[in-house]
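Beneath this line is the structure, given in structure tokens, with notes to follow.
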Amino acid sequence: MSKGIVILGCNGQVGRALQEIYPKATALGHQQLDIADEEQVLGYDWSGVDVIINAAAFVNADGSETREGRTKAWQVNAVGPRNLVKVALEHDITLVHYSSDYVFDGTNKNHGEDESLSPLSVYGDVKAAGDLLVSLAPRHYVLRVSWVIGDGHNFPRTMKRLADMRINPKVVDDQYGRPTFASEIARATKHLIDTKAEYGLYHVSNSGPIKSWAELAEDVFEYAGHDRDRVVKVSTQEYSKDKIPFAPRPMYSDMNLSKLHNTGFISESYQPLLENYVKNIAAVE
């Protein structure tokens, strides 16, 4: 089902993965449609569109703590979704939107869809606002994800580069979660749409063991043929002490996948995907 689908934010990690699954969809980047521009959004020709998949986002959590970044984050992550809700209501369109683990403070070790929002940062605040706004659309799916890995700049690629440069990186060992590959997000999106699953909020990530960022870095080093013991484990407090601005992170980002699995979706383990991803980087480089 590609006819009548519009992908927004097509140049990001999730946007590119969505285009792999929906090659015939209309794919728009920021230059083609700025979702924060209400006049532009409402003036777009939405005739024949059944589904809007909004992968447009401002994802610089630390940058969101600055005055300029706060404004940008609010415009893209809250005002943009509000504009799309207006379109969805007017044209009876299904709206798909992506949320973040940053809407939680990370006190709970496992996060379900019914957990109260408790963001610690500006980025978390605006993502939470976006979630609430999108929920006003009668036909909506909000997919809340964590630790996204896709095509482009990301954690495994950075760790692989540092390993090859003989740099021993300092990586936090007190934030825990599971990666979510962009391909998994796209696959879950298609599943919910195709199966006509109940509208609402779904938590999405790959399956596999819960690990700290430092443990994932160790895995990347090992997959790249380097000594995993080169990764220097530090606390979040130590890592962030000289970083300004720095957005507070949730300590636990493990998403409960029961609701998604109850729709018939089977999550794929991130471990073989991560190994293949790192080795493919090595092959290309």
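Residues in the structure tokens are numbered from 1 in each chain, the chains being A, B, ... in the order shown, and ligands are numbered from 1 in the order shown.
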Who sits within 12 Å of Ser240 of chain A, only C-alpha atoms, same chain under 4 positions skipped, as number ranges by chain = A: 62, 170-172, 234-236, 244-249
Got a sec: who's within 8 Å of segment 88-91 of chain A, counting only C-alpha atoms, leaving out chain neighbours fewer than 3 positions off, as an mmCIF file with C-alpha atoms, in the first residue's frame?
data_model
loop_
_atom_site.group_PDB
_atom_site.id
_atom_site.type_symbol
_atom_site.label_atom_id
_atom_site.label_comp_id
_atom_site.auth_asym_id
_atom_site.auth_seq_id
_atom_site.Cartn_x
_atom_site.Cartn_y
_atom_site.Cartn_z
ATOM 1 C CA TRP A 46 -3.607 16.783 0.043
ATOM 2 C CA SER A 47 -6.192 15.368 -2.362
ATOM 3 C CA LEU A 84 -0.536 18.188 10.425
ATOM 4 C CA VAL A 85 -3.387 17.429 12.824
ATOM 5 C CA THR A 94 -4.412 8.898 8.989
ATOM 6 C CA LEU A 95 -1.459 10.604 10.708
ATOM 7 C CA ALA A 137 -6.345 13.311 15.220
ATOM 8 C CA PRO A 138 -9.066 10.613 15.167
ATOM 9 C CA ARG A 139 -6.910 8.319 13.009
#
Pick from A:Glu113, A:Asp101, A:Asp151, A:Asp173: nearest to Tyr202 of chain A, with only C-alpha atoms counted?
-> A:Glu113
Determine, using only C-alpha atoms, which residues of segment 29-144 of chain A have any atom at most 10 Å from an atom of segment 174-191 of chain A, and tabulate each with its shortest atom pair and distance in Å to one decimal place, rows ordered by chain and then rising number, as a tab-separated table.
residue	atom	partner	partner_atom	distance
A:Ile53	CA	A:Thr189	CA	8.8
A:Val96	CA	A:Thr189	CA	7.9
A:His97	CA	A:Thr189	CA	9.5
A:Tyr98	CA	A:Ile185	CA	9.0
A:Asp101	CA	A:Gly177	CA	9.6
A:Gly106	CA	A:Gln175	CA	8.9
A:Lys109	CA	A:Tyr176	CA	8.5
A:Asn110	CA	A:Gly177	CA	9.1
A:Tyr141	CA	A:Thr189	CA	8.4
A:Val142	CA	A:Thr189	CA	9.4
A:Leu143	CA	A:Thr189	CA	7.8
A:Arg144	CA	A:Ile185	CA	9.4
Which residues, written as a list of chain:residue names, have at least one atom at most 7 Å from Ala55 of chain A, with only C-alpha atoms counted and residues fewer than 6 positions away on the same chain left out?
-> A:Ile7, A:Leu8, A:Gly9, A:Cys10, A:Val14, A:Gly15, A:His97, A:Tyr98
For the atom pair atom CA of Gly130 of chain A and atom CA of Ile52 of chain A, what is the interatomic distance in Å to one decimal place?
-> 15.1 Å
In Å to one decimal, how far is atom CA of Arg157 of chain A from atom CA of Asp227 of chain A?
->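 Those two atoms sit 16.4 Å apart.
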Write down as a PyMOL selection string the residues of segment 21-221 of chain A whose backbone DSSP state falls under helix (DSSP H, G or I).
-> chain A and resi 21+38-43+63-65+67-91+101-103+122-134+155-164+182-194+213-221
Polymer residues at most 9 Å from segment 21-38 of chain A, only C-alpha atoms, same-chain spacing of 3 or more positions, as a ChimeraX atom specification = /A:1-12,15,17-18,41-44,56,75-84,183,186-187,190
